[in-house]
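Student: My structure is stored as start-v2.csv, with CSV, C-alpha atoms.
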```csv
chain,number,residue,atom,x,y,z
A,297,MET,CA,-5.2,-0.8,21.2
A,298,LEU,CA,-6.2,1.3,18.3
A,299,THR,CA,-9.1,3.8,18.2
A,300,LEU,CA,-10.5,4.9,14.8
A,301,TYR,CA,-12.3,8.3,14.7
A,302,TYR,CA,-14.7,8.0,11.7
A,303,ALA,CA,-17.8,9.5,10.1
A,304,PRO,CA,-20.1,7.5,7.9
A,305,HIS,CA,-19.8,8.0,4.1
A,306,THR,CA,-16.2,9.3,4.4
A,307,ILE,CA,-12.9,7.9,3.5
A,308,SER,CA,-12.6,6.5,7.0
A,309,LEU,CA,-14.2,3.3,5.7
A,310,ALA,CA,-11.0,2.3,4.0
A,311,THR,CA,-9.0,2.2,7.3
A,312,HIS,CA,-12.0,0.6,9.1
A,313,ILE,CA,-12.0,-2.3,6.5
A,314,VAL,CA,-8.2,-2.8,6.9
A,315,LEU,CA,-8.6,-2.9,10.7
A,316,GLU,CA,-11.1,-5.8,10.2
A,317,GLU,CA,-8.9,-7.5,7.6
A,318,VAL,CA,-5.9,-7.7,9.9
A,319,GLY,CA,-8.0,-8.8,12.9
A,320,ALA,CA,-6.9,-5.8,15.0
A,321,ASP,CA,-8.2,-5.1,18.5
A,322,TYR,CA,-9.8,-1.7,18.0
A,323,SER,CA,-12.6,0.6,19.0
A,324,THR,CA,-14.3,3.4,17.1
A,325,VAL,CA,-15.6,6.9,17.8
A,326,ARG,CA,-18.2,8.3,15.5
A,327,ILE,CA,-18.0,12.0,14.6
A,328,ASP,CA,-21.2,13.6,13.5
A,329,PHE,CA,-20.7,15.9,10.5
A,330,SER,CA,-24.3,17.1,10.8
A,331,LYS,CA,-23.3,18.7,14.1
A,332,THR,CA,-19.9,19.8,12.7
A,333,GLN,CA,-18.2,17.7,15.4
A,334,GLN,CA,-15.1,17.5,13.2
A,335,ARG,CA,-14.6,21.2,14.1
A,336,SER,CA,-15.3,20.8,17.8
A,337,PRO,CA,-12.6,21.7,20.3
A,338,GLU,CA,-12.6,18.1,21.5
A,339,TYR,CA,-12.0,16.6,18.0
A,340,LEU,CA,-9.5,19.3,17.1
A,341,LYS,CA,-7.4,18.1,20.0
A,342,VAL,CA,-7.3,14.7,18.3
A,343,ASN,CA,-6.8,16.0,14.8
A,344,PRO,CA,-6.0,19.7,14.4
A,345,LYS,CA,-6.8,19.4,10.7
A,346,GLY,CA,-10.5,18.9,11.6
A,347,ARG,CA,-10.9,16.1,9.1
A,348,MET,CA,-11.7,12.4,9.1
A,349,PRO,CA,-10.3,10.0,9.9
A,350,ALA,CA,-7.8,9.8,12.7
A,351,LEU,CA,-6.2,6.8,14.3
A,352,VAL,CA,-5.2,6.9,18.0
A,353,THR,CA,-2.3,4.5,18.7
A,354,ASP,CA,-0.2,3.8,21.8
A,355,ARG,CA,2.5,5.9,20.2
A,356,GLY,CA,0.4,8.8,19.2
A,357,ILE,CA,-2.2,9.9,16.7
A,358,LEU,CA,-2.0,9.4,13.0
A,359,THR,CA,-3.9,11.1,10.2
A,360,GLU,CA,-4.1,10.8,6.4
A,361,THR,CA,-5.4,7.6,4.9
A,362,PRO,CA,-2.3,6.4,3.0
A,363,ALA,CA,-0.3,6.6,6.2
A,364,MET,CA,-2.9,4.9,8.4
A,365,LEU,CA,-3.4,2.1,5.9
A,366,VAL,CA,0.4,1.3,5.8
A,367,TYR,CA,0.6,1.6,9.6
A,368,VAL,CA,-2.2,-0.9,10.3
A,369,ALA,CA,-0.8,-3.3,7.7
A,370,GLN,CA,2.7,-3.1,9.1
A,371,SER,CA,1.5,-3.5,12.6
A,372,PHE,CA,0.0,-6.8,11.6
A,373,PRO,CA,2.5,-8.1,9.1
A,374,LYS,CA,1.1,-11.6,9.0
A,375,ALA,CA,-1.9,-10.3,7.1
A,376,GLY,CA,0.5,-9.3,4.4
A,377,LEU,CA,-1.5,-6.3,3.2
A,378,ALA,CA,1.5,-4.1,2.5
A,379,PRO,CA,4.6,-6.3,2.2
A,380,THR,CA,7.8,-4.4,2.9
A,381,ASP,CA,10.3,-7.1,1.9
A,382,ASP,CA,10.0,-5.9,-1.8
A,383,PRO,CA,10.6,-2.2,-2.1
A,384,PHE,CA,9.4,-2.0,-5.7
A,385,PHE,CA,6.1,-3.7,-4.9
A,386,PHE,CA,5.6,-1.5,-1.9
A,387,ALA,CA,6.3,1.5,-4.0
A,388,GLN,CA,3.6,0.4,-6.5
A,389,ILE,CA,1.2,0.2,-3.6
A,390,GLN,CA,2.2,3.6,-2.5
A,391,SER,CA,1.9,5.0,-6.0
A,392,PHE,CA,-1.6,3.7,-6.4
A,393,ASN,CA,-2.7,5.1,-3.0
A,394,ALA,CA,-1.1,8.5,-3.9
A,395,TRP,CA,-3.2,8.6,-7.0
A,396,LEU,CA,-6.3,8.0,-4.9
A,397,CYS,CA,-5.6,10.7,-2.3
A,398,SER,CA,-4.1,13.4,-4.5
A,399,HIS,CA,-6.2,12.9,-7.7
A,400,LEU,CA,-9.3,10.8,-7.5
A,401,HIS,CA,-10.4,11.9,-4.0
A,402,VAL,CA,-9.5,15.5,-4.8
A,403,ALA,CA,-11.6,15.5,-8.0
A,404,HIS,CA,-14.5,14.0,-6.0
A,405,ALA,CA,-14.2,16.7,-3.3
A,406,HIS,CA,-15.0,19.4,-5.8
A,407,ARG,CA,-18.7,18.3,-5.8
A,408,MET,CA,-19.4,18.9,-2.0
A,409,ARG,CA,-16.4,20.9,-0.8
A,410,GLY,CA,-15.8,23.5,-3.5
A,411,TYR,CA,-15.6,26.2,-0.8
A,412,ARG,CA,-12.0,24.9,-0.1
A,413,TRP,CA,-10.9,26.4,-3.5
A,414,VAL,CA,-13.2,29.3,-4.1
A,415,ASP,CA,-15.2,31.7,-1.9
A,416,ALA,CA,-18.1,29.8,-0.4
A,417,ASP,CA,-20.6,32.5,-1.6
A,418,ASP,CA,-19.4,32.3,-5.2
A,419,ALA,CA,-22.4,30.3,-6.5
A,420,HIS,CA,-21.2,30.4,-10.1
A,421,SER,CA,-17.8,28.8,-9.4
A,422,ILE,CA,-19.2,26.3,-6.9
A,423,ALA,CA,-21.7,25.1,-9.6
A,424,ALA,CA,-19.0,25.2,-12.2
A,425,MET,CA,-16.9,22.8,-10.1
A,426,GLN,CA,-19.8,20.5,-9.6
A,427,ARG,CA,-20.5,20.3,-13.3
A,428,LYS,CA,-16.9,19.2,-14.0
A,429,VAL,CA,-17.0,16.4,-11.4
A,430,PRO,CA,-18.4,13.7,-13.7
A,431,GLN,CA,-15.5,14.3,-16.2
A,432,SER,CA,-12.7,14.7,-13.7
A,433,VAL,CA,-13.7,11.8,-11.4
A,434,GLY,CA,-14.5,9.8,-14.5
A,435,GLU,CA,-11.1,10.4,-16.0
A,436,SER,CA,-9.4,9.4,-12.8
A,437,PHE,CA,-11.4,6.2,-12.7
A,438,ALA,CA,-10.7,5.6,-16.4
A,439,MET,CA,-6.9,5.8,-15.7
A,440,ILE,CA,-7.4,3.2,-12.9
A,441,GLU,CA,-9.5,1.0,-15.2
A,442,ARG,CA,-7.0,1.2,-18.1
A,443,GLU,CA,-3.6,1.4,-16.6
A,444,MET,CA,-3.6,0.6,-12.8
A,445,LEU,CA,-6.1,-2.1,-11.8
A,446,ARG,CA,-4.5,-5.4,-12.5
A,447,GLY,CA,-7.3,-7.7,-11.4
A,448,PRO,CA,-8.7,-9.5,-9.6
A,449,TRP,CA,-7.3,-7.2,-7.0
A,450,VAL,CA,-5.6,-3.9,-7.5
A,451,MET,CA,-2.1,-5.3,-7.3
A,452,GLY,CA,-3.0,-8.6,-9.1
A,453,GLU,CA,-3.4,-11.9,-7.3
A,454,ARG,CA,-2.4,-10.3,-4.0
A,455,TYR,CA,-5.0,-8.5,-1.9
A,456,THR,CA,-3.5,-5.3,-0.4
A,457,ILE,CA,-4.4,-2.0,1.3
A,458,CYS,CA,-5.1,-0.6,-2.1
A,459,ASP,CA,-8.3,-2.6,-2.4
A,460,PRO,CA,-10.3,-1.2,0.5
A,461,TYR,CA,-9.1,2.3,-0.5
A,462,LEU,CA,-10.3,2.0,-4.1
A,463,PHE,CA,-13.5,0.3,-2.9
A,464,THR,CA,-14.3,3.2,-0.6
A,465,LEU,CA,-13.9,5.8,-3.3
A,466,ALA,CA,-15.9,3.6,-5.7
A,467,GLN,CA,-18.9,3.9,-3.4
A,468,TRP,CA,-19.4,7.4,-4.6
A,469,LEU,CA,-19.0,7.3,-8.4
A,470,GLU,CA,-22.6,7.1,-9.3
A,471,ALA,CA,-23.4,10.2,-7.1
A,472,ASP,CA,-20.4,11.9,-8.8
A,473,GLY,CA,-22.1,11.3,-12.2
A,474,VAL,CA,-19.7,8.7,-13.5
A,475,ASP,CA,-21.1,6.1,-15.9
A,476,PRO,CA,-20.4,2.7,-14.3
A,477,MET,CA,-20.6,1.1,-17.8
A,478,ALA,CA,-17.4,2.9,-18.8
A,479,ILE,CA,-15.4,1.3,-16.0
A,480,PRO,CA,-16.5,-2.3,-15.9
A,481,ARG,CA,-13.3,-3.6,-14.2
A,482,VAL,CA,-13.6,-1.1,-11.4
A,483,ILE,CA,-17.3,-2.1,-10.9
A,484,ASP,CA,-16.3,-5.7,-10.9
A,485,HIS,CA,-13.7,-5.0,-8.2
A,486,ARG,CA,-16.3,-3.1,-6.2
A,487,GLY,CA,-18.7,-6.1,-6.3
A,488,ARG,CA,-16.0,-8.5,-5.3
A,489,MET,CA,-15.1,-6.3,-2.4
A,490,ALA,CA,-18.7,-6.0,-1.3
A,491,GLU,CA,-18.9,-9.7,-0.8
A,492,ARG,CA,-16.1,-9.9,1.8
A,493,ALA,CA,-17.3,-10.4,5.3
A,494,THR,CA,-14.7,-7.9,6.6
A,495,VAL,CA,-16.1,-5.2,4.3
A,496,ARG,CA,-19.7,-6.0,5.3
A,497,LYS,CA,-18.8,-5.8,8.9
A,498,ALA,CA,-17.0,-2.5,8.7
A,499,ILE,CA,-19.9,-0.9,6.7
A,500,ALA,CA,-22.5,-2.3,9.2
A,501,GLN,CA,-20.5,-0.8,12.1
A,502,GLN,CA,-20.3,2.6,10.4
A,503,LEU,CA,-24.0,2.8,9.5
A,504,ALA,CA,-25.3,1.3,12.8
B,220,MET,CA,20.4,2.5,-12.8
B,221,LEU,CA,17.6,5.0,-12.2
B,222,THR,CA,16.3,7.6,-14.7
B,223,LEU,CA,14.3,10.6,-13.6
B,224,TYR,CA,12.0,12.3,-16.0
B,225,TYR,CA,11.7,15.8,-14.8
B,226,ALA,CA,10.6,19.3,-15.7
B,227,PRO,CA,12.1,22.5,-14.1
B,228,HIS,CA,9.9,24.2,-11.6
B,229,THR,CA,7.8,21.1,-10.9
B,230,ILE,CA,7.6,18.7,-8.0
B,231,SER,CA,10.2,16.6,-9.7
B,232,LEU,CA,12.8,18.5,-7.8
B,233,ALA,CA,11.9,16.7,-4.6
B,234,THR,CA,12.9,13.3,-6.0
B,235,HIS,CA,15.9,14.8,-7.7
B,236,ILE,CA,17.2,16.0,-4.4
B,237,VAL,CA,16.7,12.7,-2.7
B,238,LEU,CA,18.6,10.9,-5.5
B,239,GLU,CA,21.5,13.3,-4.8
B,240,GLU,CA,21.2,12.7,-1.0
B,241,VAL,CA,21.5,9.0,-1.2
B,242,GLY,CA,24.3,9.1,-3.7
B,243,ALA,CA,22.4,7.2,-6.4
B,244,ASP,CA,23.7,6.4,-9.8
B,245,TYR,CA,21.1,8.1,-12.0
B,246,SER,CA,20.4,9.9,-15.2
B,247,THR,CA,17.8,12.5,-16.0
B,248,VAL,CA,15.6,13.3,-19.0
B,249,ARG,CA,14.2,16.8,-19.2
B,250,ILE,CA,10.6,17.2,-20.4
B,251,ASP,CA,9.7,20.6,-22.0
B,252,PHE,CA,6.4,21.8,-20.8
B,253,SER,CA,6.5,24.8,-23.2
B,254,LYS,CA,6.3,22.2,-26.0
B,255,THR,CA,3.7,20.1,-24.1
B,256,GLN,CA,6.2,17.2,-24.2
B,257,GLN,CA,4.4,15.7,-21.1
B,258,ARG,CA,1.6,14.9,-23.5
B,259,SER,CA,3.7,13.5,-26.3
B,260,PRO,CA,3.2,9.9,-27.4
B,261,GLU,CA,6.8,9.2,-26.3
B,262,TYR,CA,6.3,10.4,-22.8
B,263,LEU,CA,2.8,8.9,-22.4
B,264,LYS,CA,4.5,5.5,-22.9
B,265,VAL,CA,6.6,6.3,-19.9
B,266,ASN,CA,3.8,7.8,-17.8
B,267,PRO,CA,0.3,7.4,-19.2
B,268,LYS,CA,-0.9,10.1,-16.7
B,269,GLY,CA,1.1,12.7,-18.7
B,270,ARG,CA,2.5,14.3,-15.6
B,271,MET,CA,5.8,14.9,-13.9
B,272,PRO,CA,7.9,13.2,-12.6
B,273,ALA,CA,8.5,9.6,-13.5
B,274,LEU,CA,11.2,7.3,-12.3
B,275,VAL,CA,12.4,4.5,-14.5
B,276,THR,CA,13.9,1.6,-12.6
B,277,ASP,CA,15.2,-1.9,-13.4
B,278,ARG,CA,11.9,-3.3,-12.2
B,279,GLY,CA,9.6,-0.9,-14.0
B,280,ILE,CA,8.4,2.7,-13.9
B,281,LEU,CA,7.2,4.6,-10.9
B,282,THR,CA,5.1,7.7,-10.6
B,283,GLU,CA,3.7,9.8,-7.7
B,284,THR,CA,6.2,11.6,-5.6
B,285,PRO,CA,5.4,10.0,-2.2
B,286,ALA,CA,6.0,6.6,-3.7
B,287,MET,CA,9.2,7.6,-5.5
B,288,LEU,CA,10.7,9.2,-2.5
B,289,VAL,CA,10.1,6.1,-0.3
B,290,TYR,CA,11.4,3.9,-3.1
B,291,VAL,CA,14.7,5.8,-3.5
B,292,ALA,CA,15.1,6.0,0.2
B,293,GLN,CA,14.5,2.2,0.7
B,294,SER,CA,16.8,1.4,-2.2
B,295,PHE,CA,19.6,3.1,-0.4
B,296,PRO,CA,18.9,2.2,3.2
B,297,LYS,CA,22.2,3.4,4.6
B,298,ALA,CA,21.2,7.0,4.0
B,299,GLY,CA,18.4,6.5,6.5
B,300,LEU,CA,15.9,8.9,4.8
B,301,ALA,CA,12.9,6.7,5.4
B,302,PRO,CA,13.6,4.2,8.2
B,303,THR,CA,11.3,1.2,8.1
B,304,ASP,CA,12.4,-0.4,11.4
B,305,ASP,CA,9.9,1.8,13.2
B,306,PRO,CA,6.4,1.6,11.7
B,307,PHE,CA,5.1,4.5,13.7
B,308,PHE,CA,7.9,6.9,12.6
B,309,PHE,CA,7.5,5.7,9.1
B,310,ALA,CA,3.8,6.4,9.3
B,311,GLN,CA,4.5,9.9,10.5
B,312,ILE,CA,6.7,10.5,7.4
B,313,GLN,CA,3.9,9.1,5.3
B,314,SER,CA,1.3,11.3,6.9
B,315,PHE,CA,3.4,14.4,6.4
B,316,ASN,CA,3.9,13.5,2.7
B,317,ALA,CA,0.3,12.7,2.2
B,318,TRP,CA,-0.6,16.2,3.5
B,319,LEU,CA,1.8,17.7,0.9
B,320,CYS,CA,0.5,15.7,-2.1
B,321,SER,CA,-3.3,15.8,-1.3
B,322,HIS,CA,-3.6,19.2,0.4
B,323,LEU,CA,-0.8,21.7,-0.1
B,324,HIS,CA,0.1,20.8,-3.7
B,325,VAL,CA,-3.5,20.5,-4.6
B,326,ALA,CA,-4.2,24.0,-3.2
B,327,HIS,CA,-1.3,25.3,-5.1
B,328,ALA,CA,-2.4,23.7,-8.4
B,329,HIS,CA,-5.6,25.8,-8.4
B,330,ARG,CA,-3.5,28.8,-9.4
B,331,MET,CA,-2.2,27.5,-12.7
B,332,ARG,CA,-4.2,24.3,-13.4
B,333,GLY,CA,-7.8,25.4,-12.6
B,334,TYR,CA,-8.9,23.8,-15.8
B,335,ARG,CA,-8.7,20.4,-14.1
B,336,TRP,CA,-11.7,21.2,-12.0
B,337,VAL,CA,-13.8,23.7,-14.1
B,338,ASP,CA,-14.2,24.2,-17.8
B,339,ALA,CA,-11.1,25.8,-19.2
B,340,ASP,CA,-13.1,28.6,-20.9
B,341,ASP,CA,-14.9,29.6,-17.6
B,342,ALA,CA,-12.8,32.7,-16.9
B,343,HIS,CA,-14.9,33.7,-13.9
B,344,SER,CA,-14.3,30.4,-12.1
B,345,ILE,CA,-10.6,30.1,-13.1
B,346,ALA,CA,-10.1,33.6,-11.6
B,347,ALA,CA,-12.1,32.7,-8.5
B,348,MET,CA,-9.8,29.8,-7.9
B,349,GLN,CA,-6.7,31.9,-8.3
B,350,ARG,CA,-8.0,34.5,-5.8
B,351,LYS,CA,-8.4,31.8,-3.2
B,352,VAL,CA,-4.9,30.4,-3.5
B,353,PRO,CA,-3.2,32.7,-1.1
B,354,GLN,CA,-5.7,31.6,1.6
B,355,SER,CA,-5.8,27.9,0.8
B,356,VAL,CA,-2.1,27.5,0.3
B,357,GLY,CA,-1.4,29.8,3.3
B,358,GLU,CA,-3.6,27.7,5.6
B,359,SER,CA,-1.9,24.5,4.5
B,360,PHE,CA,1.5,26.0,5.3
B,361,ALA,CA,0.1,27.4,8.6
B,362,MET,CA,-0.9,23.9,9.6
B,363,ILE,CA,2.7,22.7,8.8
B,364,GLU,CA,4.1,25.7,10.7
B,365,ARG,CA,1.9,25.2,13.8
B,366,GLU,CA,1.4,21.4,14.1
B,367,MET,CA,3.7,19.4,11.8
B,368,LEU,CA,7.2,20.8,11.3
B,369,ARG,CA,9.2,19.8,14.4
B,370,GLY,CA,12.5,21.5,13.6
B,371,PRO,CA,15.3,21.7,12.6
B,372,TRP,CA,14.0,19.1,10.1
B,373,VAL,CA,10.4,18.1,9.5
B,374,MET,CA,10.7,15.0,11.6
B,375,GLY,CA,13.0,16.7,14.2
B,376,GLU,CA,16.7,15.9,14.5
B,377,ARG,CA,16.5,13.4,11.7
B,378,TYR,CA,16.6,14.5,8.1
B,379,THR,CA,14.1,12.5,6.0
B,380,ILE,CA,12.4,12.4,2.6
B,381,CYS,CA,9.9,14.9,4.0
B,382,ASP,CA,12.5,17.7,3.9
B,383,PRO,CA,13.1,17.9,0.1
B,384,TYR,CA,9.4,17.5,-0.5
B,385,LEU,CA,8.5,20.4,1.8
B,386,PHE,CA,11.4,22.5,0.4
B,387,THR,CA,10.2,22.0,-3.2
B,388,LEU,CA,6.7,23.2,-2.4
B,389,ALA,CA,8.0,26.1,-0.4
B,390,GLN,CA,9.8,27.4,-3.5
B,391,TRP,CA,6.4,28.6,-4.8
B,392,LEU,CA,4.8,30.2,-1.8
B,393,GLU,CA,5.6,33.8,-2.6
B,394,ALA,CA,4.2,33.3,-6.1
B,395,ASP,CA,1.1,31.8,-4.5
B,396,GLY,CA,0.6,35.0,-2.5
B,397,VAL,CA,1.5,33.5,0.9
B,398,ASP,CA,3.1,35.9,3.3
B,399,PRO,CA,6.5,34.5,4.4
B,400,MET,CA,6.3,36.4,7.6
B,401,ALA,CA,3.4,34.3,8.7
B,402,ILE,CA,5.3,31.1,8.5
B,403,PRO,CA,8.8,31.8,9.9
B,404,ARG,CA,9.7,28.2,10.7
B,405,VAL,CA,8.9,27.0,7.2
B,406,ILE,CA,11.0,29.8,5.8
B,407,ASP,CA,13.8,29.0,8.2
B,408,HIS,CA,13.6,25.3,7.0
B,409,ARG,CA,13.7,26.5,3.4
B,410,GLY,CA,16.8,28.5,4.0
B,411,ARG,CA,18.5,25.6,5.8
B,412,MET,CA,17.7,23.3,2.9
B,413,ALA,CA,19.0,25.8,0.3
B,414,GLU,CA,22.4,25.6,1.9
B,415,ARG,CA,22.8,21.9,1.3
B,416,ALA,CA,25.2,20.9,-1.5
B,417,THR,CA,22.9,18.2,-2.6
B,418,VAL,CA,20.0,20.7,-3.0
B,419,ARG,CA,22.1,23.2,-4.9
B,420,LYS,CA,23.4,20.4,-7.2
B,421,ALA,CA,19.9,19.2,-8.0
B,422,ILE,CA,18.6,22.7,-8.7
B,423,ALA,CA,21.6,23.5,-10.8
B,424,GLN,CA,21.0,20.4,-12.9
B,425,GLN,CA,17.3,21.1,-13.4
B,426,LEU,CA,18.0,24.7,-14.4
B,427,ALA,CA,21.0,24.0,-16.6
```
Take the structure in the file and give it back as structure tokens.
Tutor:
Amino acid sequence: MLTLYYAPHTISLATHIVLEEVGADYSTVRIDFSKTQQRSPEYLKVNPKGRMPALVTDRGILTETPAMLVYVAQSFPKAGLAPTDDPFFFAQIQSFNAWLCSHLHVAHAHRMRGYRWVDADDAHSIAAMQRKVPQSVGESFAMIEREMLRGPWVMGERYTICDPYLFTLAQWLEADGVDPMAIPRVIDHRGRMAERATVRKAIAQQLA
Amino acid sequence: MLTLYYAPHTISLATHIVLEEVGADYSTVRIDFSKTQQRSPEYLKVNPKGRMPALVTDRGILTETPAMLVYVAQSFPKAGLAPTDDPFFFAQIQSFNAWLCSHLHVAHAHRMRGYRWVDADDAHSIAAMQRKVPQSVGESFAMIEREMLRGPWVMGERYTICDPYLFTLAQWLEADGVDPMAIPRVIDHRGRMAERATVRKAIAQQLA
């Protein structure tokens, strides 16, 4: 049994979708950011980092989306979402996901979470970071558009854990000020993802 | 045959050490940041992202350290640096490495590469980011010290790909303004790593 701690409108949706895709038996616990529950003593016992998401397993608790995605995929190998019989293909999946977590998601975070990297009361710098987000997030998506997204899925014909991860981050690009017209293949991928029953179900659960 | 594109004093050292650890047959190509070779047309053909490192393999080119580390480890399974027979243990390795690439390394990058997230001519914001680095990098190391580093190696008794990765980032903590006295277990780990012949050889090659 797996339990996903999540908050709506966070990167937790990626793991939620993959749990649906593999047909896992899982439950969810919603964390309310408006009440700062991610910093509550109860949640810090689950994830000392105070961030979303976390996955409680029979073996222990996992955090960090790239790790959780691979773990769920490998726990349900028949779904084939992160094949390990080909180390190079697996490495390409890993490389894509590392770009999302260390580059695209980080660029996005400068819009709402600038206080991580400058003093929270430094209004000038906080605003300066926000102004750069359309460019930095846009360039990160442009790299995906141009060099990384094979189509129809991220890794080509094969649907993998990369797809829900990209889809989740692509939810936020308009709010980040990125022009959708500049990245038509990413938008096309997002539309294709939104039609999947698993994706609709995960989103409905998170927003319920 | 593997070819590592690297630059001294970058995260490329982590993969370099792992290549030594597994006994790989590999060559290296040095990229000179002082001449902005990472943005040269020649290098952009290797890695369109214009960043270090990149690993040329018989199957194609890989980028992103977490992916490269796993690929090298899985290509030389006898070395056992990223065992895949236990999905949970592997996920814990992945989780640790994701923290390094998306949190610790990102915090560090705000000291020298603030132009990624604000306009390069905004001296106030660039300086504001630099001032926060001792705190943000320090907190990231404190989380490792307190919650993640098991000892003697990152994952406990077993030496894994997490160790060269942490070691490489720990090279920079004094320059980032982090107090080594606050993280004695990280410093102890760094010292233990520095004694390894493989680590010395990789460093010597990079600085030659």
Student: Can you tell me, as a list in words, which residues sit within 7 Å of (20.1, 8.2, -13.5) in the file's frame, using only C-alpha atoms?
Tutor: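 Residues with an atom at most 7 Å from (20.1, 8.2, -13.5): Met220, Leu221, Thr222, Leu223, Asp244, Tyr245, Ser246 and Thr247 of chain B.
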Student: Mind running a least-squares superposition of chain B onto chain A over all the C-alpha atoms, in order, and reading off the RMSD?
Tutor: 0.1 Å
Student: What lies within 8 Å of stretch 280-285 of chain B using all atoms listed in the file, ignoring chain neighbours under 2 positions off, as a VMD selection string?
Tutor: (chain A and resid 387 to 388 390 to 391 394 to 395) or (chain B and resid 230 to 231 233 to 234 265 to 266 271 to 276 278 287 to 289 313 316 to 317 320)
Student: May I ask for the distance between atom CA of A:Phe463 and atom CA of A:Ser398, given in Å to one decimal place?
Tutor: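 We find that atom CA of A:Phe463 and atom CA of A:Ser398 lie 16.2 Å from each other.
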Student: Would you pick out the contacts of stretch 399-416 of chain A at 7 Å or less, using only C-alpha atoms, so that residues sharing its chain but fewer than 4 positions from it are not included, and give the list as number ranges by chain?
Tutor: A: 395, 422, 425-426, 429, 432-433, 436, 472; B: 336, 347-348, 351, 355
Student: Quick one: residues within 12 Å of B:Ala243, all atoms listed in the file, excluding same-chain residues fewer than 5 positions away - as a PDB file with C-alpha atoms, in the coordinates of the input?
Tutor:
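Saved result, result_10.pdb, follows:
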```
ATOM      1  CA  MET B 220      20.400   2.500 -12.800  1.00  0.00           C
ATOM      2  CA  LEU B 221      17.600   5.000 -12.200  1.00  0.00           C
ATOM      3  CA  THR B 222      16.300   7.600 -14.700  1.00  0.00           C
ATOM      4  CA  LEU B 223      14.300  10.600 -13.600  1.00  0.00           C
ATOM      5  CA  THR B 234      12.900  13.300  -6.000  1.00  0.00           C
ATOM      6  CA  HIS B 235      15.900  14.800  -7.700  1.00  0.00           C
ATOM      7  CA  ILE B 236      17.200  16.000  -4.400  1.00  0.00           C
ATOM      8  CA  VAL B 237      16.700  12.700  -2.700  1.00  0.00           C
ATOM      9  CA  LEU B 238      18.600  10.900  -5.500  1.00  0.00           C
ATOM     10  CA  THR B 276      13.900   1.600 -12.600  1.00  0.00           C
ATOM     11  CA  TYR B 290      11.400   3.900  -3.100  1.00  0.00           C
ATOM     12  CA  VAL B 291      14.700   5.800  -3.500  1.00  0.00           C
ATOM     13  CA  ALA B 292      15.100   6.000   0.200  1.00  0.00           C
ATOM     14  CA  GLN B 293      14.500   2.200   0.700  1.00  0.00           C
ATOM     15  CA  SER B 294      16.800   1.400  -2.200  1.00  0.00           C
ATOM     16  CA  PHE B 295      19.600   3.100  -0.400  1.00  0.00           C
ATOM     17  CA  PRO B 296      18.900   2.200   3.200  1.00  0.00           C
ATOM     18  CA  LYS B 297      22.200   3.400   4.600  1.00  0.00           C
ATOM     19  CA  ALA B 298      21.200   7.000   4.000  1.00  0.00           C
ATOM     20  CA  THR B 417      22.900  18.200  -2.600  1.00  0.00           C
TER      21      THR B 417
END
```
Student: Closest to chain A among B:Tyr384, B:Tyr378, B:Trp372, B:Phe315, using only C-alpha atoms?
Tutor: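 Closest candidate: B:Phe315.
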Student: Using all atoms listed in the file, which residue out of B:Leu232, B:Met362, B:Val241, B:Ala346 lies closest to B:Ala423?
Tutor: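 Result for the nearest residue to B:Ala423: B:Leu232.
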Student: Atom CA of A:His305 to atom CA of A:Ala363: how many Å, to one decimal?
Tutor: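 Result for atom CA of A:His305 versus atom CA of A:Ala363: 19.7 Å, one decimal.
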Student: For B:Ile363, find every residue with an atom within 10 Å (counting only C-alpha atoms), except residues of its own chain fewer than 3 positions away, and show them as a list in words.
Tutor: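 What passes the distance filter is Phe315, Trp318, Leu319, Leu323, Gly357, Glu358, Ser359, Phe360, Glu366, Met367, Leu368, Arg369, Val373, Leu385, Ile402, Arg404 and Val405 of chain B.
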Student: Using Å and a single decimal, report how far atom CA of A:Pro448 sits from atom CA of A:His485.
Tutor: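 Interatomic distance here is 6.9 Å.
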Student: Excluding A:Gln502 and any residue of its chain fewer than 2 positions from it, enumerate the residues within 8 Å of it, using all atoms listed in the file, and give them as an MDAnalysis selection string.
Tutor: chainID A and resid 302:304 309 326 498:500 504
